[in-house]
$ cat structure12.pdb   # PDB, C-alpha atoms
ATOM      1  CA  MET A 136     132.374  95.246 156.220  1.00  0.00           C
ATOM      2  CA  ASP A 137     131.579  93.793 159.606  1.00  0.00           C
ATOM      3  CA  ILE A 138     128.322  93.099 161.411  1.00  0.00           C
ATOM      4  CA  PHE A 139     128.505  94.535 164.925  1.00  0.00           C
ATOM      5  CA  ASN A 140     125.009  93.573 166.101  1.00  0.00           C
ATOM      6  CA  VAL A 141     121.791  91.844 165.021  1.00  0.00           C
ATOM      7  CA  ASP A 142     118.244  92.804 165.989  1.00  0.00           C
ATOM      8  CA  TYR A 143     114.786  91.338 165.472  1.00  0.00           C
ATOM      9  CA  ASP A 144     111.686  93.425 164.789  1.00  0.00           C
ATOM     10  CA  LEU A 145     108.977  90.865 165.546  1.00  0.00           C
ATOM     11  CA  ASP A 146     106.085  93.214 164.689  1.00  0.00           C
ATOM     12  CA  ARG A 147     107.338  93.782 161.128  1.00  0.00           C
ATOM     13  CA  GLU A 148     109.032  90.352 160.862  1.00  0.00           C
ATOM     14  CA  PHE A 149     112.476  91.894 160.178  1.00  0.00           C
ATOM     15  CA  PHE A 150     115.915  90.484 160.958  1.00  0.00           C
ATOM     16  CA  ILE A 151     118.212  93.504 161.142  1.00  0.00           C
ATOM     17  CA  LEU A 152     121.962  93.461 160.541  1.00  0.00           C
ATOM     18  CA  ASN A 153     123.717  96.458 162.071  1.00  0.00           C
ATOM     19  CA  LEU A 154     126.890  97.171 160.094  1.00  0.00           C
ATOM     20  CA  ASN A 155     130.015  99.089 160.998  1.00  0.00           C
ATOM     21  CA  SER A 156     129.629 101.239 157.851  1.00  0.00           C
ATOM     22  CA  GLY A 157     127.027 102.194 155.260  1.00  0.00           C
ATOM     23  CA  LEU A 158     126.216 100.284 152.074  1.00  0.00           C
ATOM     24  CA  LEU A 159     127.324 101.671 148.732  1.00  0.00           C
ATOM     25  CA  ALA A 160     124.906 102.031 145.807  1.00  0.00           C
ATOM     26  CA  GLY A 161     125.676  99.694 142.897  1.00  0.00           C
ATOM     27  CA  LYS A 162     127.854  97.358 144.955  1.00  0.00           C
ATOM     28  CA  ILE A 163     126.864  93.706 145.411  1.00  0.00           C
ATOM     29  CA  TYR A 164     126.630  92.370 148.960  1.00  0.00           C
ATOM     30  CA  VAL A 165     126.188  88.726 149.945  1.00  0.00           C
ATOM     31  CA  VAL A 166     124.434  87.612 153.131  1.00  0.00           C
ATOM     32  CA  LYS A 167     124.420  83.888 153.888  1.00  0.00           C
ATOM     33  CA  ILE A 168     121.857  82.603 156.354  1.00  0.00           C
ATOM     34  CA  HIS A 169     121.688  78.924 157.285  1.00  0.00           C
ATOM     35  CA  TYR A 170     118.197  77.941 158.332  1.00  0.00           C
ATOM     36  CA  THR A 171     115.712  75.086 158.430  1.00  0.00           C
ATOM     37  CA  ALA A 172     112.133  75.541 157.299  1.00  0.00           C
ATOM     38  CA  PHE A 173     109.153  73.249 157.669  1.00  0.00           C
ATOM     39  CA  LEU A 174     106.122  72.948 155.419  1.00  0.00           C
ATOM     40  CA  LYS A 175     102.990  73.998 157.279  1.00  0.00           C
ATOM     41  CA  ASP A 176      99.310  73.620 156.434  1.00  0.00           C
ATOM     42  CA  ASN A 177      98.397  77.311 156.914  1.00  0.00           C
ATOM     43  CA  LEU A 178      98.072  78.330 153.217  1.00  0.00           C
ATOM     44  CA  LYS A 179     100.810  80.973 153.580  1.00  0.00           C
ATOM     45  CA  GLY A 180     104.294  81.189 152.058  1.00  0.00           C
ATOM     46  CA  PHE A 181     105.537  77.745 151.002  1.00  0.00           C
ATOM     47  CA  TYR A 182     103.107  75.214 152.401  1.00  0.00           C
ATOM     48  CA  ARG A 183     101.826  71.657 152.153  1.00  0.00           C
ATOM     49  CA  SER A 184      98.515  70.965 150.481  1.00  0.00           C
ATOM     50  CA  VAL A 185      96.604  67.740 149.949  1.00  0.00           C
ATOM     51  CA  TYR A 186      94.366  66.564 147.119  1.00  0.00           C
ATOM     52  CA  THR A 187      92.670  63.314 146.102  1.00  0.00           C
ATOM     53  CA  ASP A 188      94.029  61.677 142.952  1.00  0.00           C
ATOM     54  CA  GLN A 189      90.914  61.080 140.824  1.00  0.00           C
ATOM     55  CA  SER A 190      92.360  57.960 139.165  1.00  0.00           C
ATOM     56  CA  THR A 191      93.381  56.157 142.364  1.00  0.00           C
ATOM     57  CA  GLY A 192      91.242  57.815 145.042  1.00  0.00           C
ATOM     58  CA  LYS A 193      94.436  58.207 147.086  1.00  0.00           C
ATOM     59  CA  GLU A 194      95.358  61.374 148.991  1.00  0.00           C
ATOM     60  CA  GLU A 195      98.488  63.050 147.608  1.00  0.00           C
ATOM     61  CA  TYR A 196     100.563  65.846 149.107  1.00  0.00           C
ATOM     62  CA  VAL A 197     102.190  68.699 147.211  1.00  0.00           C
ATOM     63  CA  ALA A 198     104.314  71.692 148.175  1.00  0.00           C
ATOM     64  CA  VAL A 199     102.691  74.949 147.035  1.00  0.00           C
ATOM     65  CA  THR A 200     103.633  78.631 147.137  1.00  0.00           C
ATOM     66  CA  GLN A 201     101.450  81.591 147.999  1.00  0.00           C
ATOM     67  CA  PHE A 202     103.671  84.663 148.062  1.00  0.00           C
ATOM     68  CA  GLN A 203     101.011  87.334 148.538  1.00  0.00           C
ATOM     69  CA  ALA A 204     102.372  90.577 149.975  1.00  0.00           C
ATOM     70  CA  THR A 205     104.998  89.532 152.526  1.00  0.00           C
ATOM     71  CA  ASP A 206     104.489  85.756 152.573  1.00  0.00           C
ATOM     72  CA  ALA A 207     107.741  84.877 150.775  1.00  0.00           C
ATOM     73  CA  ARG A 208     109.579  85.418 154.067  1.00  0.00           C
ATOM     74  CA  ARG A 209     107.560  82.525 155.483  1.00  0.00           C
ATOM     75  CA  ALA A 210     109.351  80.220 153.026  1.00  0.00           C
ATOM     76  CA  PHE A 211     112.943  81.469 153.268  1.00  0.00           C
ATOM     77  CA  PRO A 212     114.848  84.491 154.570  1.00  0.00           C
ATOM     78  CA  CYS A 213     114.466  87.255 151.996  1.00  0.00           C
ATOM     79  CA  PHE A 214     113.672  90.903 151.444  1.00  0.00           C
ATOM     80  CA  ASP A 215     110.062  90.792 150.235  1.00  0.00           C
ATOM     81  CA  GLU A 216     108.633  94.239 150.937  1.00  0.00           C
ATOM     82  CA  PRO A 217     106.089  94.881 148.135  1.00  0.00           C
ATOM     83  CA  ALA A 218     106.966  98.587 147.873  1.00  0.00           C
ATOM     84  CA  LEU A 219     110.728  97.953 147.739  1.00  0.00           C
ATOM     85  CA  LYS A 220     111.861  95.412 145.172  1.00  0.00           C
ATOM     86  CA  ALA A 221     115.152  93.527 145.500  1.00  0.00           C
ATOM     87  CA  LYS A 222     116.745  90.706 143.514  1.00  0.00           C
ATOM     88  CA  TYR A 223     117.863  87.599 145.350  1.00  0.00           C
ATOM     89  CA  GLU A 224     118.910  84.017 144.737  1.00  0.00           C
ATOM     90  CA  VAL A 225     118.171  80.941 146.823  1.00  0.00           C
ATOM     91  CA  ASP A 226     120.686  78.105 146.831  1.00  0.00           C
ATOM     92  CA  PHE A 227     119.583  74.716 148.065  1.00  0.00           C
ATOM     93  CA  GLU A 228     122.429  72.640 149.455  1.00  0.00           C
TER      94      GLU A 228
END
$ encode --input "structure12.pdb" --output "structure tokens"
Amino acid sequence: MDIFNVDYDLDREFFILNLNSGLLAGKIYVVKIHYTAFLKDNLKGFYRSVYTDQSTGKEEYVAVTQFQATDARRAFPCFDEPALKAKYEVDFE
């Protein structure tokens, strides 16, 4: 199966792969996307948060997730439509 075109739907935050043929039910397809993501401070997706360690008084940073509705796609490319569930795996290299 070949990809003949890619599109972006910025309003719905979709990356669209246009294929040369339809997908078959029950078959497993693999899409590999190489990307770089950065932790932001906006409390959405996978973000950086700060707290004060009570024992040392020092500020500490942690990476936190908030995958409400469609916020998983802010962390990594995925299909995260709440009404349409899909299984996926994320490999960190």
$ atom_distance --input "structure12.pdb" --atom1 "atom CA of Asn155 of chain A" --atom2 "atom CA of Ala207 of chain A"
28.3 Å
$ axis_aligned_box --input "structure12.pdb" --around "segment 195-198 of chain A" --padding-each-side "5 Å" --output "AutoDock Vina command-line options"
--center_x 101.4 --center_y 67.4 --center_z 148.2 --size_x 15.8 --size_y 18.6 --size_z 11.9
$ closest_residue --input "structure12.pdb" --among "A:Glu194, A:Asp226, A:Asp137, A:Asp144" --to "Leu158 of chain A" --atoms "only C-alpha atoms"
A:Asp137
$ resolve_selection --input "structure12.pdb" --expression "the PyMOL selection byres ((chain A and resi 162-172) around 9)" --output "PyMOL selection string"
chain A and resi 158-161+173-174+209-212
$ write_last_selection --input "structure12.pdb" --atoms "C-alpha atoms" --output "mmCIF file, keeping the file's coordinate frame"
data_model
loop_
_atom_site.group_PDB
_atom_site.id
_atom_site.type_symbol
_atom_site.label_atom_id
_atom_site.label_comp_id
_atom_site.auth_asym_id
_atom_site.auth_seq_id
_atom_site.Cartn_x
_atom_site.Cartn_y
_atom_site.Cartn_z
ATOM 1 C CA LEU A 158 126.216 100.284 152.074
ATOM 2 C CA LEU A 159 127.324 101.671 148.732
ATOM 3 C CA ALA A 160 124.906 102.031 145.807
ATOM 4 C CA GLY A 161 125.676 99.694 142.897
ATOM 5 C CA PHE A 173 109.153 73.249 157.669
ATOM 6 C CA LEU A 174 106.122 72.948 155.419
ATOM 7 C CA ARG A 209 107.560 82.525 155.483
ATOM 8 C CA ALA A 210 109.351 80.220 153.026
ATOM 9 C CA PHE A 211 112.943 81.469 153.268
ATOM 10 C CA PRO A 212 114.848 84.491 154.570
#
$ atom_distance --input "structure12.pdb" --atom1 "atom CA of Asp206 of chain A" --atom2 "atom CA of Met136 of chain A"
29.7 Å
$ residues_near_point --input "structure12.pdb" --point "(122.8, 89.8, 162.2)" --cutoff "9 Å" --atoms "all atoms listed in the file" --output "PyMOL selection string"
chain A and resi 138-143+150-154
$ atom_distance --input "structure12.pdb" --atom1 "atom CA of Leu219 of chain A" --atom2 "atom CA of Lys175 of chain A"
26.9 Å
$ resolve_selection --input "structure12.pdb" --expression "the PyMOL selection byres ((chain A and resi 176) around 12)" --output "PyMOL selection string"
chain A and resi 173-175+177-185+196-201
$ build_atoms --input "structure12.pdb" --residues "segment 172-191 of chain A" --atoms "N, CA, C and O atoms" --output "short mmCIF file (atom, residue, chain, number, x, y, z; two decimals), keeping the file's coordinate frame"
data_model
loop_
_atom_site.label_atom_id
_atom_site.label_comp_id
_atom_site.auth_asym_id
_atom_site.auth_seq_id
_atom_site.Cartn_x
_atom_site.Cartn_y
_atom_site.Cartn_z
N ALA A 172 113.54 75.17 157.40
CA ALA A 172 112.13 75.54 157.30
C ALA A 172 111.29 74.27 157.21
O ALA A 172 111.75 73.24 156.73
N PHE A 173 110.06 74.38 157.69
CA PHE A 173 109.15 73.25 157.67
C PHE A 173 107.90 73.63 156.91
O PHE A 173 107.41 74.76 157.03
N LEU A 174 107.38 72.70 156.12
CA LEU A 174 106.12 72.95 155.42
C LEU A 174 104.98 72.92 156.43
O LEU A 174 104.87 72.00 157.23
N LYS A 175 104.15 73.93 156.39
CA LYS A 175 102.99 74.00 157.28
C LYS A 175 101.72 73.83 156.46
O LYS A 175 101.77 73.77 155.23
N ASP A 176 100.60 73.79 157.11
CA ASP A 176 99.31 73.62 156.43
C ASP A 176 98.47 74.90 156.51
O ASP A 176 97.26 74.86 156.44
N ASN A 177 99.12 76.07 156.65
CA ASN A 177 98.40 77.31 156.91
C ASN A 177 98.09 78.16 155.68
O ASN A 177 97.62 79.27 155.81
N LEU A 178 98.36 77.65 154.48
CA LEU A 178 98.07 78.33 153.22
C LEU A 178 98.82 79.65 153.07
O LEU A 178 98.36 80.56 152.39
N LYS A 179 100.00 79.76 153.68
CA LYS A 179 100.81 80.97 153.58
C LYS A 179 102.25 80.61 153.24
O LYS A 179 102.77 79.62 153.74
N GLY A 180 102.89 81.42 152.40
CA GLY A 180 104.29 81.19 152.06
C GLY A 180 104.47 79.95 151.20
O GLY A 180 103.90 79.83 150.12
N PHE A 181 105.28 79.02 151.67
CA PHE A 181 105.54 77.74 151.00
C PHE A 181 104.94 76.69 151.92
O PHE A 181 105.41 76.49 153.03
N TYR A 182 103.86 76.06 151.49
CA TYR A 182 103.11 75.21 152.40
C TYR A 182 102.73 73.89 151.76
O TYR A 182 102.85 73.70 150.56
N ARG A 183 102.25 72.99 152.59
CA ARG A 183 101.83 71.66 152.15
C ARG A 183 100.33 71.67 151.91
O ARG A 183 99.56 72.20 152.70
N SER A 184 99.93 71.09 150.80
CA SER A 184 98.52 70.96 150.48
C SER A 184 98.23 69.51 150.13
O SER A 184 99.13 68.76 149.77
N VAL A 185 96.99 69.12 150.23
CA VAL A 185 96.60 67.74 149.95
C VAL A 185 95.46 67.74 148.93
O VAL A 185 94.64 68.65 148.91
N TYR A 186 95.46 66.74 148.08
CA TYR A 186 94.37 66.56 147.12
C TYR A 186 94.12 65.07 146.94
O TYR A 186 94.96 64.25 147.31
N THR A 187 92.98 64.71 146.38
CA THR A 187 92.67 63.31 146.10
C THR A 187 92.89 63.04 144.63
O THR A 187 92.30 63.70 143.77
N ASP A 188 93.76 62.08 144.33
CA ASP A 188 94.03 61.68 142.95
C ASP A 188 92.76 61.00 142.41
O ASP A 188 92.31 60.00 142.95
N GLN A 189 92.19 61.58 141.37
CA GLN A 189 90.91 61.08 140.82
C GLN A 189 91.04 59.67 140.25
O GLN A 189 90.08 58.90 140.28
N SER A 190 92.21 59.29 139.76
CA SER A 190 92.36 57.96 139.16
C SER A 190 92.54 56.85 140.20
O SER A 190 92.16 55.71 139.96
N THR A 191 93.13 57.19 141.35
CA THR A 191 93.38 56.16 142.36
C THR A 191 92.56 56.34 143.63
O THR A 191 92.45 55.41 144.43
#
